[in-house]
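Asker: Got a structure for you, structure24.cif, holding mmCIF, C-alpha atoms.
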data_model
loop_
_atom_site.label_atom_id
_atom_site.label_comp_id
_atom_site.auth_asym_id
_atom_site.auth_seq_id
_atom_site.Cartn_x
_atom_site.Cartn_y
_atom_site.Cartn_z
CA MET A 1022 -77.21 255.72 110.91
CA ILE A 1023 -76.83 252.22 112.39
CA LEU A 1024 -75.41 250.94 109.08
CA LYS A 1025 -72.99 253.85 108.94
CA ASN A 1026 -71.72 253.14 112.46
CA ALA A 1027 -71.29 249.44 111.63
CA ILE A 1028 -69.26 250.29 108.53
CA ILE A 1029 -67.04 252.66 110.54
CA LYS A 1030 -66.58 250.04 113.25
CA ALA A 1031 -65.70 247.33 110.71
CA SER A 1032 -63.25 249.66 108.94
CA THR A 1033 -61.58 250.44 112.26
CA ILE A 1034 -61.20 246.72 113.07
CA VAL A 1035 -59.69 246.02 109.64
CA LEU A 1036 -57.29 248.94 110.05
CA VAL A 1037 -56.19 247.69 113.47
CA LEU A 1038 -55.67 244.16 112.13
CA LEU A 1039 -53.61 245.45 109.20
CA THR A 1040 -51.50 247.50 111.59
CA ILE A 1041 -50.87 244.44 113.81
CA VAL A 1042 -49.93 242.28 110.80
CA SER A 1043 -47.58 244.99 109.53
CA CYS A 1044 -45.89 245.27 112.95
CA VAL A 1045 -45.46 241.50 113.18
CA LYS A 1046 -43.92 241.40 109.68
CA ASN A 1047 -41.57 244.27 110.50
CA LYS A 1048 -40.47 242.63 113.76
CA LYS A 1049 -39.90 239.34 111.95
CA LYS A 1050 -37.89 241.15 109.28
CA GLU A 1051 -35.85 242.94 111.96
CA ALA A 1052 -35.20 239.63 113.73
CA ASN A 1053 -34.09 238.01 110.47
CA ASN A 1054 -31.82 240.97 109.77
CA GLU A 1055 -30.30 240.63 113.24
CA ILE A 1056 -29.69 236.91 112.65
CA GLU A 1057 -28.15 237.65 109.24
CA MET A 1058 -25.90 240.34 110.76
CA GLU A 1059 -24.80 237.90 113.43
CA ARG A 1060 -23.95 235.36 110.72
CA VAL A 1061 -21.87 237.93 108.89
CA GLU A 1062 -20.12 239.10 112.05
CA HIS A 1063 -19.57 235.57 113.36
CA PRO A 1064 -19.20 233.20 110.41
CA GLN A 1065 -19.11 229.49 111.16
CA PHE A 1066 -15.72 227.87 110.72
CA LYS A 1067 -14.89 224.29 109.77
CA ILE A 1068 -12.60 221.93 111.69
CA SER A 1069 -9.60 220.02 110.30
CA LEU A 1070 -6.86 217.85 111.81
CA ALA A 1071 -3.18 218.77 111.82
CA GLN A 1072 -0.90 215.75 111.44
CA TRP A 1073 1.36 216.96 114.24
CA SER A 1074 -1.38 215.85 116.64
CA LEU A 1075 -0.36 212.26 115.79
CA HIS A 1076 3.41 212.79 115.66
CA LYS A 1077 4.14 210.54 118.67
CA LYS A 1078 2.32 207.56 117.15
CA ILE A 1079 3.98 208.15 113.78
CA LYS A 1080 7.50 208.66 115.14
CA SER A 1081 7.21 205.58 117.36
CA GLY A 1082 6.21 203.48 114.37
CA GLU A 1083 2.82 202.64 115.86
CA ILE A 1084 1.21 203.96 112.70
CA SER A 1085 2.55 204.95 109.28
CA PRO A 1086 2.38 208.60 108.17
CA PHE A 1087 0.32 207.25 105.28
CA ASP A 1088 -2.35 206.22 107.81
CA PHE A 1089 -3.12 209.88 108.45
CA ALA A 1090 -6.24 210.07 106.28
CA LYS A 1091 -7.55 206.82 107.77
CA GLU A 1092 -6.98 208.05 111.34
CA ALA A 1093 -8.56 211.43 110.62
CA HIS A 1094 -11.62 209.78 109.09
CA ALA A 1095 -12.03 207.50 112.11
CA LEU A 1096 -11.92 210.53 114.40
CA GLY A 1097 -14.66 212.31 112.46
CA PHE A 1098 -12.64 214.79 110.40
CA GLU A 1099 -13.21 215.68 106.77
CA ALA A 1100 -10.02 217.68 106.09
CA ILE A 1101 -6.34 217.34 107.02
CA GLU A 1102 -3.08 219.28 107.25
CA TYR A 1103 0.15 217.39 106.54
CA VAL A 1104 3.59 217.81 108.16
CA SER A 1105 6.49 217.37 105.73
CA GLY A 1106 8.95 216.24 108.41
CA LEU A 1107 6.87 213.17 109.21
CA TYR A 1108 7.58 211.89 105.67
CA LYS A 1109 11.32 212.54 105.69
CA GLU A 1110 12.35 208.87 105.59
CA GLU A 1111 9.70 208.02 103.01
CA VAL A 1112 10.76 210.90 100.75
CA GLU A 1113 14.40 209.76 100.94
CA THR A 1114 13.59 206.15 100.10
CA MET A 1115 10.60 206.46 97.73
CA GLY A 1116 11.03 209.92 96.25
CA ILE A 1117 8.58 212.75 96.79
CA GLU A 1118 6.46 211.99 93.70
CA LYS A 1119 5.58 208.49 94.92
CA VAL A 1120 5.03 209.78 98.46
CA VAL A 1121 2.57 212.38 97.18
CA GLU A 1122 0.84 209.79 95.00
CA LYS A 1123 0.29 207.54 98.02
CA MET A 1124 -0.88 210.45 100.19
CA LYS A 1125 -3.40 211.42 97.54
CA THR A 1126 -4.65 207.86 97.11
CA GLU A 1127 -5.20 207.46 100.85
CA SER A 1128 -7.07 210.75 101.11
CA GLU A 1129 -9.35 209.74 98.22
CA VAL A 1130 -10.06 206.32 99.74
CA TYR A 1131 -11.35 207.94 102.95
CA GLY A 1132 -13.00 210.95 101.31
CA ILE A 1133 -10.69 213.40 103.04
CA ARG A 1134 -9.91 216.89 101.77
CA ASN A 1135 -6.24 217.93 101.68
CA LEU A 1136 -5.75 221.51 102.92
CA LEU A 1137 -2.07 222.29 103.37
CA ILE A 1138 1.43 220.99 104.05
CA MET A 1139 3.42 222.31 107.01
CA VAL A 1140 6.99 222.45 105.71
CA ASP A 1141 10.03 222.33 108.03
CA ASP A 1142 13.79 221.78 107.75
CA GLU A 1143 14.16 222.96 104.15
CA GLY A 1144 16.52 225.87 104.82
CA ASP A 1145 16.18 229.43 106.10
CA LEU A 1146 14.07 231.63 103.82
CA ALA A 1147 15.37 234.69 105.72
CA SER A 1148 19.06 233.76 105.60
CA SER A 1149 21.56 236.62 105.16
CA ASN A 1150 23.59 234.33 102.91
CA GLU A 1151 22.25 234.80 99.37
CA GLU A 1152 23.22 231.32 98.21
CA GLU A 1153 21.62 229.69 101.27
CA GLN A 1154 18.43 231.67 100.77
CA ILE A 1155 18.24 230.72 97.08
CA GLN A 1156 18.75 227.08 98.02
CA ALA A 1157 16.04 227.32 100.70
CA VAL A 1158 13.58 228.71 98.14
CA GLN A 1159 14.52 225.92 95.77
CA ASN A 1160 14.07 223.29 98.49
CA HIS A 1161 10.56 224.54 99.23
CA LYS A 1162 9.45 224.41 95.60
CA LYS A 1163 8.99 220.62 95.65
CA TRP A 1164 6.48 221.04 98.47
CA VAL A 1165 4.63 223.69 96.47
CA ASP A 1166 4.40 221.12 93.67
CA ALA A 1167 3.29 218.48 96.18
CA ALA A 1168 0.58 220.78 97.56
CA HIS A 1169 -0.65 221.46 94.04
CA ALA A 1170 -0.78 217.73 93.22
CA LEU A 1171 -2.70 217.00 96.45
CA GLY A 1172 -5.24 219.75 95.85
CA CYS A 1173 -4.10 221.78 98.86
CA HIS A 1174 -4.48 225.55 99.04
CA SER A 1175 -1.23 226.32 100.90
CA ILE A 1176 2.14 225.34 102.24
CA ARG A 1177 3.09 226.59 105.70
CA VAL A 1178 6.68 227.79 105.92
CA ASN A 1179 8.97 229.30 108.55
CA ALA A 1180 10.70 232.66 108.16
CA ASN A 1181 13.90 231.95 110.05
CA GLY A 1182 17.15 233.81 109.47
CA ASP A 1183 20.08 235.56 111.09
CA GLY A 1184 20.70 239.18 111.98
CA SER A 1185 18.83 241.99 113.70
CA TYR A 1186 15.07 242.60 113.84
CA ASN A 1187 15.12 244.77 110.70
CA GLU A 1188 17.71 242.71 108.85
CA ILE A 1189 15.81 239.44 109.22
CA MET A 1190 12.62 241.26 108.25
CA ALA A 1191 14.14 242.47 104.98
CA GLN A 1192 15.60 239.02 104.28
CA ALA A 1193 12.28 237.31 105.04
CA VAL A 1194 10.45 239.63 102.66
CA LEU A 1195 12.91 238.79 99.90
CA GLY A 1196 12.78 235.01 100.47
CA LEU A 1197 9.01 234.88 100.80
CA LYS A 1198 8.54 236.95 97.66
CA LYS A 1199 10.71 234.60 95.64
CA LEU A 1200 8.84 231.53 96.88
CA SER A 1201 5.41 233.16 96.57
CA GLU A 1202 6.11 234.13 92.97
CA TYR A 1203 6.74 230.47 92.14
CA ALA A 1204 3.80 229.28 94.23
CA LYS A 1205 1.49 231.68 92.40
CA THR A 1206 2.11 229.80 89.16
CA LYS A 1207 0.70 226.70 90.91
CA ASN A 1208 -2.19 228.54 92.59
CA ILE A 1209 -0.71 227.81 96.02
CA ASN A 1210 -0.48 230.14 99.03
CA VAL A 1211 2.68 230.55 101.08
CA ILE A 1212 1.69 231.09 104.71
CA VAL A 1213 3.92 231.81 107.69
CA GLU A 1214 3.16 230.53 111.19
CA ASN A 1215 4.16 232.18 114.44
CA HIS A 1216 6.75 229.49 115.14
CA GLY A 1217 9.35 230.94 117.47
CA GLY A 1218 11.81 233.82 117.38
CA TYR A 1219 10.77 236.94 115.51
CA THR A 1220 7.90 235.09 113.82
CA SER A 1221 6.23 234.85 117.24
CA ASN A 1222 6.30 238.64 117.41
CA ALA A 1223 3.03 239.27 115.57
CA GLN A 1224 3.88 242.89 114.81
CA TRP A 1225 7.09 241.76 113.11
CA LEU A 1226 5.36 239.00 111.12
CA SER A 1227 2.47 241.26 110.10
CA SER A 1228 4.98 243.82 108.83
CA VAL A 1229 6.73 241.14 106.80
CA ILE A 1230 3.48 240.04 105.11
CA ARG A 1231 2.53 243.64 104.34
CA GLU A 1232 5.94 244.24 102.78
CA VAL A 1233 5.72 241.09 100.65
CA ASN A 1234 2.38 242.46 99.45
CA MET A 1235 1.29 239.40 97.45
CA SER A 1236 -2.22 237.97 97.47
CA ASN A 1237 -0.92 234.41 97.95
CA CYS A 1238 1.35 235.21 100.91
CA GLY A 1239 -0.25 235.27 104.35
CA THR A 1240 -0.22 233.87 107.86
CA LEU A 1241 -1.22 230.78 109.83
CA PRO A 1242 -1.96 232.06 113.35
CA ASP A 1243 -1.33 229.39 116.00
CA PHE A 1244 -3.07 229.78 119.37
CA GLY A 1245 -0.01 228.77 121.35
CA ASN A 1246 3.30 229.43 119.55
CA PHE A 1247 4.12 232.86 120.96
CA CYS A 1248 7.49 232.28 122.61
CA VAL A 1249 9.81 235.01 121.31
CA LYS A 1250 12.89 233.98 123.32
CA GLY A 1251 13.67 230.45 124.42
CA SER A 1252 11.60 227.34 123.79
CA VAL A 1253 7.92 226.67 124.46
CA HIS A 1254 8.86 224.53 127.48
CA ASP A 1255 11.49 226.99 128.75
CA CYS A 1256 10.41 230.37 127.44
CA LYS A 1257 12.21 233.55 128.51
CA GLU A 1258 9.86 235.99 126.78
CA TRP A 1259 6.26 235.55 125.66
CA TYR A 1260 4.26 237.64 123.21
CA ASP A 1261 0.62 238.14 124.23
CA LYS A 1262 -1.14 235.30 122.40
CA TYR A 1263 -4.53 237.00 122.15
CA LYS A 1264 -3.03 240.21 120.82
CA GLY A 1265 -0.84 238.13 118.51
CA VAL A 1266 -3.68 236.15 116.94
CA GLU A 1267 -5.70 239.35 116.53
CA GLU A 1268 -2.78 241.00 114.70
CA LEU A 1269 -2.20 238.01 112.42
CA MET A 1270 -5.84 237.29 111.52
CA PRO A 1271 -6.15 239.95 108.78
CA TYR A 1272 -3.63 237.91 106.74
CA ALA A 1273 -4.77 234.42 107.81
CA LYS A 1274 -5.41 231.72 105.23
CA ALA A 1275 -5.50 228.98 107.89
CA VAL A 1276 -5.69 228.83 111.71
CA SER A 1277 -4.11 226.34 114.12
CA ALA A 1278 -5.91 225.51 117.39
CA LYS A 1279 -3.01 224.47 119.62
CA SER A 1280 -4.04 222.63 122.79
CA TYR A 1281 -2.15 221.14 125.74
CA ASP A 1282 -4.47 220.11 128.57
CA PHE A 1283 -8.13 220.25 129.65
CA ASP A 1284 -10.15 220.60 132.85
CA GLU A 1285 -13.11 218.41 133.86
CA SER A 1286 -15.50 220.69 131.96
CA GLY A 1287 -13.54 220.28 128.72
CA ASN A 1288 -11.96 223.73 128.72
CA GLU A 1289 -8.33 224.20 127.66
CA LEU A 1290 -6.25 225.04 130.73
CA ASN A 1291 -3.60 227.21 129.04
CA ILE A 1292 -5.65 229.06 126.44
CA ASP A 1293 -9.00 230.83 126.73
CA TYR A 1294 -10.59 229.15 123.70
CA ASP A 1295 -13.79 231.17 123.93
CA ARG A 1296 -11.81 234.39 123.69
CA MET A 1297 -9.52 233.03 120.98
CA VAL A 1298 -12.34 231.69 118.80
CA ASN A 1299 -14.17 235.01 119.08
CA ILE A 1300 -11.05 236.78 117.82
CA VAL A 1301 -11.02 234.45 114.82
CA LYS A 1302 -14.75 234.91 114.16
CA ASN A 1303 -14.62 238.70 114.57
CA ALA A 1304 -11.92 238.79 111.88
CA GLY A 1305 -14.51 237.40 109.45
CA TYR A 1306 -12.68 234.09 109.09
CA SER A 1307 -14.81 231.16 107.92
CA GLY A 1308 -12.18 228.66 106.76
CA TYR A 1309 -10.80 225.64 108.60
CA ILE A 1310 -9.36 225.70 112.10
CA GLY A 1311 -6.88 222.86 112.50
CA VAL A 1312 -6.81 220.79 115.69
CA GLU A 1313 -3.20 220.56 116.89
CA TYR A 1314 -3.01 218.73 120.20
CA GLU A 1315 0.45 218.81 121.77
CA GLY A 1316 -0.18 217.70 125.34
CA SER A 1317 1.00 214.70 127.34
CA ASN A 1318 -1.67 214.12 130.02
CA LEU A 1319 -4.15 212.76 127.48
CA SER A 1320 -3.45 210.29 124.72
CA GLU A 1321 -3.17 211.78 121.25
CA LYS A 1322 -6.60 210.41 120.35
CA ASP A 1323 -8.28 211.77 123.50
CA GLY A 1324 -6.49 215.12 123.18
CA ILE A 1325 -7.60 215.47 119.57
CA LEU A 1326 -11.21 214.63 120.41
CA ALA A 1327 -11.21 217.01 123.40
CA THR A 1328 -9.97 219.85 121.19
CA LYS A 1329 -12.48 219.02 118.46
CA LYS A 1330 -15.34 218.91 120.97
CA LEU A 1331 -14.37 222.29 122.43
CA LEU A 1332 -14.21 223.89 118.99
CA GLU A 1333 -17.57 222.40 118.03
CA LYS A 1334 -19.07 223.84 121.21
CA LEU A 1335 -17.80 227.30 120.27
CA GLN A 1336 -18.92 227.23 116.62
#
Starting from the file, give its structure as structure tokens.
Answerer:
Amino acid sequence: MILKNAIIKASTIVLVLLTIVSCVKNKKKEANNEIEMERVEHPQFKISLAQWSLHKKIKSGEISPFDFAKEAHALGFEAIEYVSGLYKEEVETMGIEKVVEKMKTESEVYGIRNLLIMVDDEGDLASSNEEEQIQAVQNHKKWVDAAHALGCHSIRVNANGDGSYNEIMAQAVLGLKKLSEYAKTKNINVIVENHGGYTSNAQWLSSVIREVNMSNCGTLPDFGNFCVKGSVHDCKEWYDKYKGVEELMPYAKAVSAKSYDFDESGNELNIDYDRMVNIVKNAGYSGYIGVEYEGSNLSEKDGILATKKLLEKLQ
């Protein structure tokens, strides 16, 4: 009888221990699943540097546009986004092939990845004039070739034009389709930034991208460029920037973190970065977010580093 009771007692202890171990394993599994779900819902993004952040130094002649990779490396970046307009003089004097060759060499020297080229002043892709639109598409093709040679994934374009809301939309669809068809042969994306006018109306721009309906045509949401009427410094009508970024994110192939000024705690004064970064994360985006400092109270270097630090904090 004593032996029987001992066996029952031992069996009960073993059963209890097995139950505890099973519960611990299940809780651990549930915790891991929660962590994994959080990773899926909030993927970690990477941080790049947009060349426009250094446009004052470049335009003043303090540094050469070809110093971009060197400057980015010194500031702790591993990837960069070029601005075509900052090479205008060099393209005119050297030719675009030699310019691209030098850009590529510099990026390789400093181990920097080339992501995209922001293209400006190459004609209106949404022009109502057929000849002007064709010429604009043609003008952009050399930058598609340049992006391909540099190993970039995209060129950023504007979708400017003339006419009414619907007219410019139809013209933008046509121009972007023509350019995207060529870019597809080079495995390059054509992405449109909210960059003033109708393009800063995210509903309008989203409609354009849906109508183009090509896998290599998308958006580059910018945190700050949502002035629909007027200029950024004298805007008559603003589009809600948080709503705008949320509407553009489903088509985003790059993201631009515009910044202007910071408080003593390192927070951007004009944009709620926490809210904005969450919008980007909730969209499932895990690519690069480009630092684009455009302020005047801090030096370009300090503004870039402040933006980078804030993004790192929110990763």
Asker: Give me, as a Markdown table, the closest atom pair and its distance (Å, one decimal) for every residue of range 1046-1156 of chain A within a cut-off of 7 Å of range 1168-1177 of chain A, counting all atoms listed in the file, rows sorted by chain and rising number.
Answerer:
| residue | atom | partner | partner_atom | distance |
| --- | --- | --- | --- | --- |
| A:Lys1125 | CA | A:Leu1171 | CA | 5.7 |
| A:Asn1135 | CA | A:Cys1173 | CA | 5.2 |
| A:Leu1136 | CA | A:Cys1173 | CA | 4.4 |
| A:Leu1137 | CA | A:Ser1175 | CA | 4.8 |
| A:Ile1138 | CA | A:Ile1176 | CA | 4.8 |
| A:Met1139 | CA | A:Arg1177 | CA | 4.5 |
| A:Val1140 | CA | A:Arg1177 | CA | 5.7 |
Asker: Translate the PyMOL selection byres ((chain A and resi 1088-1101) around 7) into a concrete residue list for this structure, as a ChimeraX atom specification.
Answerer: /A:1069-1072,1084-1087,1102-1103,1127-1128,1131,1133-1136
Asker: As an exercise, work out the distance from CA of Ile1189 in chain A to CA of Glu1214 in chain A in Å and give it to one decimal place.
Answerer: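 About the pair CA of Ile1189 in chain A and CA of Glu1214 in chain A: they are 15.6 Å apart.
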Asker: For the PyMOL selection byres ((chain A and resi 1230) around 10), applied here, can you spell out every residue it catches as a list in words?
Answerer: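 Here the PyMOL selection byres ((chain A and resi 1230) around 10) matches Met1190, Ala1193, Val1194, Leu1197, Lys1198, Ile1212, Val1213, Trp1225, Leu1226, Ser1227, Ser1228, Val1229, Arg1231, Glu1232, Val1233, Asn1234, Met1235, Ser1236, Cys1238, Gly1239, Thr1240, Leu1269 and Tyr1272 of chain A.
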Asker: So, with only C-alpha atoms as the atoms that count, which of A:Gln1154, A:Ser1105, A:Gln1336, A:Ser1221 lies closest to Asp1295 in chain A?
Answerer: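 Nearest candidate to Asp1295 in chain A out of A:Gln1154, A:Ser1105, A:Gln1336, A:Ser1221: A:Gln1336.
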